[in-house]
Amino acid sequence: MPQKDSCLDDILETSEKLENMSQNKDIETIKLSDIIEKMIEINSIVRIEKIFEEKIVSGNPVVNVVVNDGSARGLLSLWSEQIDLLNGINEGDAILIENAHAPKKYKDRIHLALSKSGNISKYESGLPSIDELLKNSNAKKNDFSRKLISELKEGMGAELRGLIVAIHSKEPYFPVCDKCNKKMVLKKGYAICKCGNKVDEEDENLKWLFLCTCTLDDGSETIRTTLNDNTEYLEFKELKRIIIDDENILDVLNEKMLGLDILASGFTIYDEYLKDTAFRCNSWNKINVMDEFNNKLKG
């Protein structure tokens with residue numbers, strides 16, 4: 001039996017890599033952040049962030065792969081024989097996606113699928129390592145600089161200025177069980193939880209939580225935002241008294257908050273109920289017009 005020439009194998013392997021690079025050089029690629037729904041004939045260079053276990057959907061095997069190129073994250077679905085394309089490819093590797101299409105958005109990440117002639121392959125890329133890409137993503141989340149609503153993407157931190165144009169919560173202020181941390185129901189003179197915990201409504205140790213879902217409008221777009229009790233604008237002792245006295249808290253909040261110009265600091269999430277991005281506040285307050293004026297002078 002003839003012996004294998006390792007030197008020749010190395011030459012052939014190098015030649016194949018160079019040929020692939022030469023072929024790939026002329027391929028027009030697009031960043032994940034520039035891909036929109038229903039786009040076709042997509043070529044993109046990305047790193048693999050995570051490869052999920054194979055599962056069966058509608059009788060067919062599928063493997064979902066989270067990809068990241070620094071501009072955005074995407075979800076690539078490989079079906080049936082396409083799964084074999086992952087052979088020799090690992091998490092962290094850079095790959096070239098060829099001839100894919102974008103059927104939909106998934107949690108504000110573009111969802112990609114290969115066409116029948118589509119392909120993925122390892123690629124010599126100048127992209128940062130996956131650890132660096134994730135580190136940069138976390139830095140974006142913790143960057144609470146001023147942004148427009150139209151600029152927001154999932155996981156992005158921001159400070160927003162906008163008007164509250166709608167209030168959606170029917171019970172924005174409520175007691176919380178100290179045993180199981182769930183919402184309690186107010187009865188005459190006490191609050192009770194499904195776990196059986198019962199507390200006098202006037203008990204100073206009874207924890208109350210303010211979570212008010214509103215729509216915020218800054219002129220560029222609107223977004224649903226959940227305002228919390230980390231604010232100096234509302235007097236929560238007074239809100240508690242209103243609820244205990246069985247008055248309509250929504251009438252009070254509509255009068256105090258509708259049309260209010262606020263600054264909200266927080267981050268963008270994907271809301272499963274809305275099937276859209278939403279903004280979760282860390283803190284918020286009524287805008288200080290003089291502070292805004294002075295900041296513009298400094299800028």
# chains A, B, ... in the order shown; residues from 1 in each chain; ligands from 1
>>> closest_atom_pairs(of="stretch 144-214 of chain A", to="stretch 260-276 of chain A", cutoff="9 Å", atoms="only C-alpha atoms", output="Markdown table")
| residue | atom | partner | partner_atom | distance |
| --- | --- | --- | --- | --- |
| A:Phe144 | CA | A:Ser265 | CA | 6.5 |
| A:Ser145 | CA | A:Ser265 | CA | 8.7 |
| A:Arg146 | CA | A:Ser265 | CA | 8.8 |
| A:Leu152 | CA | A:Thr268 | CA | 6.9 |
| A:Lys153 | CA | A:Thr268 | CA | 6.5 |
| A:Glu154 | CA | A:Thr268 | CA | 5.1 |
| A:Gly155 | CA | A:Thr268 | CA | 5.2 |
| A:Met156 | CA | A:Thr268 | CA | 5.4 |
| A:Gly157 | CA | A:Phe267 | CA | 4.1 |
| A:Ala158 | CA | A:Gly266 | CA | 5.8 |
| A:Glu159 | CA | A:Ser265 | CA | 4.3 |
| A:Leu160 | CA | A:Ala264 | CA | 5.2 |
| A:Arg161 | CA | A:Leu263 | CA | 4.6 |
| A:Gly162 | CA | A:Asp261 | CA | 5.6 |
| A:Leu163 | CA | A:Asp261 | CA | 4.5 |
| A:Ile164 | CA | A:Leu260 | CA | 5.5 |
| A:Val165 | CA | A:Leu260 | CA | 8.0 |
>>> write_last_selection(atoms="N, CA and C atoms", output="mmCIF file, in the first residue's frame")
data_model
loop_
_atom_site.group_PDB
_atom_site.id
_atom_site.type_symbol
_atom_site.label_atom_id
_atom_site.label_comp_id
_atom_site.auth_asym_id
_atom_site.auth_seq_id
_atom_site.Cartn_x
_atom_site.Cartn_y
_atom_site.Cartn_z
ATOM 1 N N PHE A 144 -25.504 53.885 29.287
ATOM 2 C CA PHE A 144 -26.772 54.583 29.453
ATOM 3 C C PHE A 144 -26.707 56.005 28.901
ATOM 4 N N SER A 145 -26.058 56.154 27.746
ATOM 5 C CA SER A 145 -26.013 57.457 27.096
ATOM 6 C C SER A 145 -27.361 57.749 26.435
ATOM 7 N N ARG A 146 -27.616 59.016 26.143
ATOM 8 C CA ARG A 146 -28.899 59.425 25.554
ATOM 9 C C ARG A 146 -29.051 58.847 24.142
ATOM 10 N N LEU A 152 -32.909 52.040 19.252
ATOM 11 C CA LEU A 152 -32.793 50.958 20.225
ATOM 12 C C LEU A 152 -32.853 49.584 19.586
ATOM 13 N N LYS A 153 -32.056 48.665 20.157
ATOM 14 C CA LYS A 153 -32.096 47.251 19.791
ATOM 15 C C LYS A 153 -32.068 46.436 21.075
ATOM 16 N N GLU A 154 -32.460 45.183 20.979
ATOM 17 C CA GLU A 154 -32.510 44.315 22.152
ATOM 18 C C GLU A 154 -31.171 44.285 22.884
ATOM 19 N N GLY A 155 -31.226 44.428 24.232
ATOM 20 C CA GLY A 155 -30.022 44.351 25.041
ATOM 21 C C GLY A 155 -29.270 45.662 25.168
ATOM 22 N N MET A 156 -29.749 46.713 24.529
ATOM 23 C CA MET A 156 -29.036 47.990 24.524
ATOM 24 C C MET A 156 -29.453 48.853 25.713
ATOM 25 N N GLY A 157 -28.472 49.385 26.435
ATOM 26 C CA GLY A 157 -28.757 50.331 27.502
ATOM 27 C C GLY A 157 -28.941 51.722 26.925
ATOM 28 N N ALA A 158 -29.706 52.575 27.624
ATOM 29 C CA ALA A 158 -29.963 53.913 27.091
ATOM 30 C C ALA A 158 -30.586 54.806 28.143
ATOM 31 N N GLU A 159 -30.483 56.091 27.899
ATOM 32 C CA GLU A 159 -31.290 57.079 28.595
ATOM 33 C C GLU A 159 -32.224 57.666 27.545
ATOM 34 N N LEU A 160 -33.517 57.617 27.815
ATOM 35 C CA LEU A 160 -34.514 58.109 26.869
ATOM 36 C C LEU A 160 -35.203 59.338 27.430
ATOM 37 N N ARG A 161 -35.498 60.278 26.565
ATOM 38 C CA ARG A 161 -36.381 61.383 26.916
ATOM 39 C C ARG A 161 -37.626 61.262 26.049
ATOM 40 N N GLY A 162 -38.794 61.308 26.676
ATOM 41 C CA GLY A 162 -40.018 61.196 25.909
ATOM 42 C C GLY A 162 -41.251 61.557 26.718
ATOM 43 N N LEU A 163 -42.359 61.645 26.025
ATOM 44 C CA LEU A 163 -43.642 61.938 26.663
ATOM 45 C C LEU A 163 -44.403 60.641 26.913
ATOM 46 N N ILE A 164 -45.017 60.542 28.093
ATOM 47 C CA ILE A 164 -45.904 59.410 28.379
ATOM 48 C C ILE A 164 -47.233 59.688 27.678
ATOM 49 N N VAL A 165 -47.552 58.870 26.671
ATOM 50 C CA VAL A 165 -48.763 59.120 25.878
ATOM 51 C C VAL A 165 -49.880 58.123 26.179
#
>>> select_by_dssp(residues="stretch 219-291 of chain A", states="strand (DSSP E)", output="MDAnalysis selection string")
chainID A and resid 222:227 261:271 276:286
>>> closest_residue(among="A:Ile110, A:Leu78, A:Glu91, A:Ile36", to="A:Lys55", atoms="only C-alpha atoms")
A:Leu78
>>> residues_around(residues="A:Glu221", least_positions_apart="4", cutoff="8 Å", atoms="only C-alpha atoms", output="number ranges by chain")
A: 149-150, 217
>>> write_last_selection(atoms="N, CA, C and O atoms", output="mmCIF file, in the first residue's frame")
data_model
loop_
_atom_site.group_PDB
_atom_site.id
_atom_site.type_symbol
_atom_site.label_atom_id
_atom_site.label_comp_id
_atom_site.auth_asym_id
_atom_site.auth_seq_id
_atom_site.Cartn_x
_atom_site.Cartn_y
_atom_site.Cartn_z
ATOM 1 N N ILE A 149 -35.480 56.489 20.560
ATOM 2 C CA ILE A 149 -36.183 55.207 20.574
ATOM 3 C C ILE A 149 -35.934 54.452 19.270
ATOM 4 O O ILE A 149 -35.770 53.232 19.264
ATOM 5 N N SER A 150 -35.867 55.180 18.158
ATOM 6 C CA SER A 150 -35.648 54.537 16.854
ATOM 7 C C SER A 150 -34.288 53.857 16.752
ATOM 8 O O SER A 150 -34.065 53.027 15.877
ATOM 9 N N ASP A 217 -43.137 58.279 23.901
ATOM 10 C CA ASP A 217 -42.992 58.825 22.541
ATOM 11 C C ASP A 217 -41.942 59.928 22.572
ATOM 12 O O ASP A 217 -42.057 60.873 23.358
#
>>> closest_residue(among="A:Ile35, A:Asp93, A:Gly74, A:Asn64", to="A:Pro128", atoms="only C-alpha atoms")
A:Asp93
>>> atom_distance(atom1="atom CA of A:Lys116", atom2="atom CA of A:Glu41")
11.2 Å
>>> residues_around(residues="A:Gln82", least_positions_apart="4", cutoff="10 Å", atoms="only C-alpha atoms", output="PDB file with C-alpha atoms, in the first residue's frame")
ATOM      1  CA  PRO A  61     -34.527  17.639  12.598  1.00  0.00           C
ATOM      2  CA  VAL A  62     -33.277  21.184  13.108  1.00  0.00           C
ATOM      3  CA  VAL A  63     -30.284  22.768  14.835  1.00  0.00           C
ATOM      4  CA  SER A  77     -31.649  27.429  11.537  1.00  0.00           C
ATOM      5  CA  LEU A  78     -30.138  24.398   9.799  1.00  0.00           C
ATOM      6  CA  LEU A  86     -21.632  21.940  11.060  1.00  0.00           C
ATOM      7  CA  LEU A 114     -30.289  28.561   4.108  1.00  0.00           C
ATOM      8  CA  SER A 115     -31.743  28.223   0.629  1.00  0.00           C
ATOM      9  CA  LYS A 116     -31.394  24.864  -1.145  1.00  0.00           C
ATOM     10  CA  GLY A 118     -27.004  27.715   0.621  1.00  0.00           C
ATOM     11  CA  ASN A 119     -23.872  26.848   2.530  1.00  0.00           C
ATOM     12  CA  ILE A 120     -21.839  27.615   5.642  1.00  0.00           C
TER      13      ILE A 120
END
>>> closest_atom_pairs(of="stretch 184-227 of chain A", to="stretch 233-237 of chain A", cutoff="12 Å", atoms="only C-alpha atoms", output="JSON lines")
{"residue": "A:Glu202", "atom": "CA", "partner": "A:Lys237", "partner_atom": "CA", "distance": 11.1}
{"residue": "A:Glu204", "atom": "CA", "partner": "A:Lys237", "partner_atom": "CA", "distance": 10.9}
{"residue": "A:Lys207", "atom": "CA", "partner": "A:Phe236", "partner_atom": "CA", "distance": 11.7}
{"residue": "A:Trp208", "atom": "CA", "partner": "A:Phe236", "partner_atom": "CA", "distance": 9.1}
{"residue": "A:Leu209", "atom": "CA", "partner": "A:Phe236", "partner_atom": "CA", "distance": 9.6}
{"residue": "A:Phe210", "atom": "CA", "partner": "A:Phe236", "partner_atom": "CA", "distance": 8.6}
{"residue": "A:Cys212", "atom": "CA", "partner": "A:Leu234", "partner_atom": "CA", "distance": 12.0}
{"residue": "A:Leu227", "atom": "CA", "partner": "A:Leu234", "partner_atom": "CA", "distance": 11.2}
>>> residues_around(residues="A:Val199", least_positions_apart="4", cutoff="12 Å", atoms="only C-alpha atoms", output="list in words")
Pro175, Val176, Cys177, Asp178, Lys179, Met184, Val185, Leu186, Lys187, Lys188, Gly189, Tyr190, Ala191, Ile192, Cys193, Asp203, Glu204, Asn205, Leu206 and Lys207 of chain A
>>> write_last_selection(atoms="N, CA and C atoms", output="short mmCIF file (atom, residue, chain, number, x, y, z; two decimals), in the first residue's frame")
data_model
loop_
_atom_site.label_atom_id
_atom_site.label_comp_id
_atom_site.auth_asym_id
_atom_site.auth_seq_id
_atom_site.Cartn_x
_atom_site.Cartn_y
_atom_site.Cartn_z
N PRO A 175 -49.35 45.12 46.67
CA PRO A 175 -48.51 44.48 47.70
C PRO A 175 -47.90 43.19 47.18
N VAL A 176 -46.72 42.84 47.72
CA VAL A 176 -45.98 41.64 47.29
C VAL A 176 -45.73 40.75 48.50
N CYS A 177 -45.95 39.45 48.33
CA CYS A 177 -45.78 38.48 49.41
C CYS A 177 -44.30 38.35 49.79
N ASP A 178 -44.01 38.42 51.10
CA ASP A 178 -42.62 38.27 51.55
C ASP A 178 -42.22 36.80 51.67
N LYS A 179 -43.18 35.89 51.44
CA LYS A 179 -42.88 34.45 51.50
C LYS A 179 -42.49 33.91 50.12
N MET A 184 -49.95 40.03 45.77
CA MET A 184 -51.01 39.72 46.73
C MET A 184 -52.30 40.44 46.33
N VAL A 185 -53.41 39.90 46.81
CA VAL A 185 -54.72 40.49 46.53
C VAL A 185 -55.20 41.23 47.78
N LEU A 186 -55.68 42.45 47.59
CA LEU A 186 -56.19 43.23 48.71
C LEU A 186 -57.65 42.89 48.99
N LYS A 187 -57.92 42.57 50.23
CA LYS A 187 -59.28 42.38 50.72
C LYS A 187 -59.58 43.50 51.70
N LYS A 188 -60.70 43.43 52.37
CA LYS A 188 -61.04 44.44 53.37
C LYS A 188 -60.11 44.33 54.58
N GLY A 189 -59.14 45.21 54.66
CA GLY A 189 -58.28 45.28 55.83
C GLY A 189 -57.03 44.43 55.78
N TYR A 190 -56.84 43.62 54.74
CA TYR A 190 -55.65 42.78 54.67
C TYR A 190 -55.29 42.44 53.22
N ALA A 191 -54.07 41.96 53.05
CA ALA A 191 -53.60 41.46 51.75
C ALA A 191 -53.34 39.97 51.90
N ILE A 192 -53.75 39.21 50.90
CA ILE A 192 -53.59 37.76 50.97
C ILE A 192 -52.95 37.24 49.69
N CYS A 193 -52.13 36.21 49.85
CA CYS A 193 -51.42 35.59 48.72
C CYS A 193 -51.96 34.19 48.49
N ASP A 203 -49.79 47.15 57.69
CA ASP A 203 -48.52 46.69 58.26
C ASP A 203 -47.35 47.39 57.57
N GLU A 204 -46.48 48.01 58.36
CA GLU A 204 -45.33 48.74 57.79
C GLU A 204 -44.36 47.82 57.07
N ASN A 205 -44.37 46.54 57.40
CA ASN A 205 -43.47 45.58 56.76
C ASN A 205 -44.03 45.01 55.46
N LEU A 206 -45.28 45.36 55.14
CA LEU A 206 -45.87 44.88 53.89
C LEU A 206 -45.21 45.60 52.71
N LYS A 207 -44.59 44.82 51.84
CA LYS A 207 -43.86 45.39 50.70
C LYS A 207 -44.84 45.71 49.57
#
>>> closest_residue(among="A:His111, A:Arg241, A:Lys170, A:Lys183", to="A:Leu75", atoms="only C-alpha atoms")
A:His111
>>> decode(residues="stretch 93-110 of chain A", atoms="N, CA and C atoms", output="compact mmCIF listing (two decimals), in the first residue's frame")
# COMPACT_ATOMS: atom_id res chain seq x y z
N ASP A 93 -16.02 29.76 16.23
CA ASP A 93 -15.46 29.81 14.87
C ASP A 93 -16.14 30.91 14.06
N ALA A 94 -15.38 31.51 13.16
CA ALA A 94 -15.94 32.43 12.17
C ALA A 94 -16.40 31.62 10.97
N ILE A 95 -17.56 31.95 10.44
CA ILE A 95 -18.08 31.23 9.28
C ILE A 95 -18.59 32.22 8.24
N LEU A 96 -18.62 31.75 7.01
CA LEU A 96 -19.25 32.48 5.92
C LEU A 96 -20.59 31.82 5.64
N ILE A 97 -21.66 32.59 5.77
CA ILE A 97 -23.00 32.12 5.41
C ILE A 97 -23.25 32.56 3.98
N GLU A 98 -23.61 31.61 3.13
CA GLU A 98 -23.86 31.93 1.73
C GLU A 98 -25.28 31.57 1.33
N ASN A 99 -25.88 32.48 0.58
CA ASN A 99 -27.21 32.27 -0.01
C ASN A 99 -28.26 31.88 1.03
N ALA A 100 -28.43 32.74 2.01
CA ALA A 100 -29.46 32.54 3.02
C ALA A 100 -30.60 33.52 2.77
N HIS A 101 -31.70 33.32 3.46
CA HIS A 101 -32.81 34.27 3.43
C HIS A 101 -33.26 34.55 4.86
N ALA A 102 -34.01 35.61 5.04
CA ALA A 102 -34.42 36.05 6.37
C ALA A 102 -35.94 36.03 6.49
N PRO A 103 -36.51 34.89 6.92
CA PRO A 103 -37.97 34.78 6.96
C PRO A 103 -38.64 35.67 8.00
N LYS A 104 -37.95 35.97 9.11
CA LYS A 104 -38.61 36.76 10.16
C LYS A 104 -37.58 37.26 11.15
N LYS A 105 -38.07 38.10 12.08
CA LYS A 105 -37.25 38.51 13.22
C LYS A 105 -37.65 37.67 14.42
N TYR A 106 -36.67 37.33 15.23
CA TYR A 106 -36.90 36.50 16.41
C TYR A 106 -36.25 37.19 17.60
N LYS A 107 -37.08 37.70 18.53
CA LYS A 107 -36.56 38.41 19.70
C LYS A 107 -35.61 39.53 19.30
N ASP A 108 -36.01 40.28 18.27
CA ASP A 108 -35.24 41.40 17.75
C ASP A 108 -33.90 40.95 17.14
N ARG A 109 -33.74 39.64 16.95
CA ARG A 109 -32.59 39.12 16.21
C ARG A 109 -33.12 38.60 14.89
N ILE A 110 -32.37 38.82 13.84
CA ILE A 110 -32.82 38.35 12.54
C ILE A 110 -32.73 36.83 12.50
